[in-house]
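Written below as structure tokens is the structure these notes are about.
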Amino acid sequence: MMKSYSTDVLLGKVADALLRVRLNQNLTQQTVADRSGISLKAVVNLESGNGASLKSFLSVCRTLGKLEWLDALTPPEGPSPM
């Protein structure tokens with residue numbers, strides 16, 4: 001069962017994870033912004049826990065090679081329930 005964290009705490013956890021991955025890959029914020037096709041301010045906001053658009057978040061996840069973070073959000077492929 002998932003702990004019940006506040007939105008601010010969750011933003012902080014995401015921010016820390018993005019920062020840690022970027023630094024481990026030895027990338028600057030500007031490089032991530034350029035490769036993601038977003039502004040430097042959006043990267044700074046994501047890494048500081050101030051949020052950004054979902055589109056910016058997904059772009060950064062793709063750039064950092066972390067789309068698997070989203071696996072729990074997507075249903076398994078298979079026959080449509082409709």
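In the structure tokens, each chain is lettered A, B, ... as it comes, each chain's residues begin at 1, and ligands are numbered from 1 in order of appearance.
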**Message:** as a PyMOL selection string, please: every residue in chain A that DSSP puts in alpha helix (DSSP H).
**Reply:** chain A and resi 7-24+29-36+40-48+54-63
**Message:** Residues within 12 Å of range 21-30 of chain A, please, as an MDAnalysis selection string. Count only C-alpha atoms; anything in the same chain fewer than 6 positions from it doesn't count.
**Reply:** chainID A and resid 14:15 36:48 60:66
**Request:** Would you list the contacts of Val9 in chain A as a list in words, taking every protein, DNA or RNA residue within 12 Å and counting only C-alpha atoms, but skipping same-chain residues closer than 4 positions in sequence?
**Result:**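 The neighbour list is Lys3, Ser4, Tyr5, Lys13, Val14, Ala15, Asp16, Ser48, Gly49, Asn50 and Gly51 of chain A.
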Same residues, C-alpha atoms, saved as a PDB file, in the first residue's frame:
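Listing of result.pdb after writing:
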ATOM      1  CA  LYS A   3       1.925   5.917   1.848  1.00  0.00           C
ATOM      2  CA  SER A   4      -0.327   8.941   1.823  1.00  0.00           C
ATOM      3  CA  TYR A   5       2.027  11.800   0.981  1.00  0.00           C
ATOM      4  CA  LYS A  13      10.366  13.334  -4.272  1.00  0.00           C
ATOM      5  CA  VAL A  14       9.973  13.689  -8.054  1.00  0.00           C
ATOM      6  CA  ALA A  15      12.233  16.748  -8.060  1.00  0.00           C
ATOM      7  CA  ASP A  16      14.938  14.901  -6.122  1.00  0.00           C
ATOM      8  CA  SER A  48      12.979  22.450  -7.471  1.00  0.00           C
ATOM      9  CA  GLY A  49       9.591  20.862  -6.842  1.00  0.00           C
ATOM     10  CA  ASN A  50       7.710  23.851  -8.221  1.00  0.00           C
ATOM     11  CA  GLY A  51       6.156  21.705 -10.911  1.00  0.00           C
TER      12      GLY A  51
END
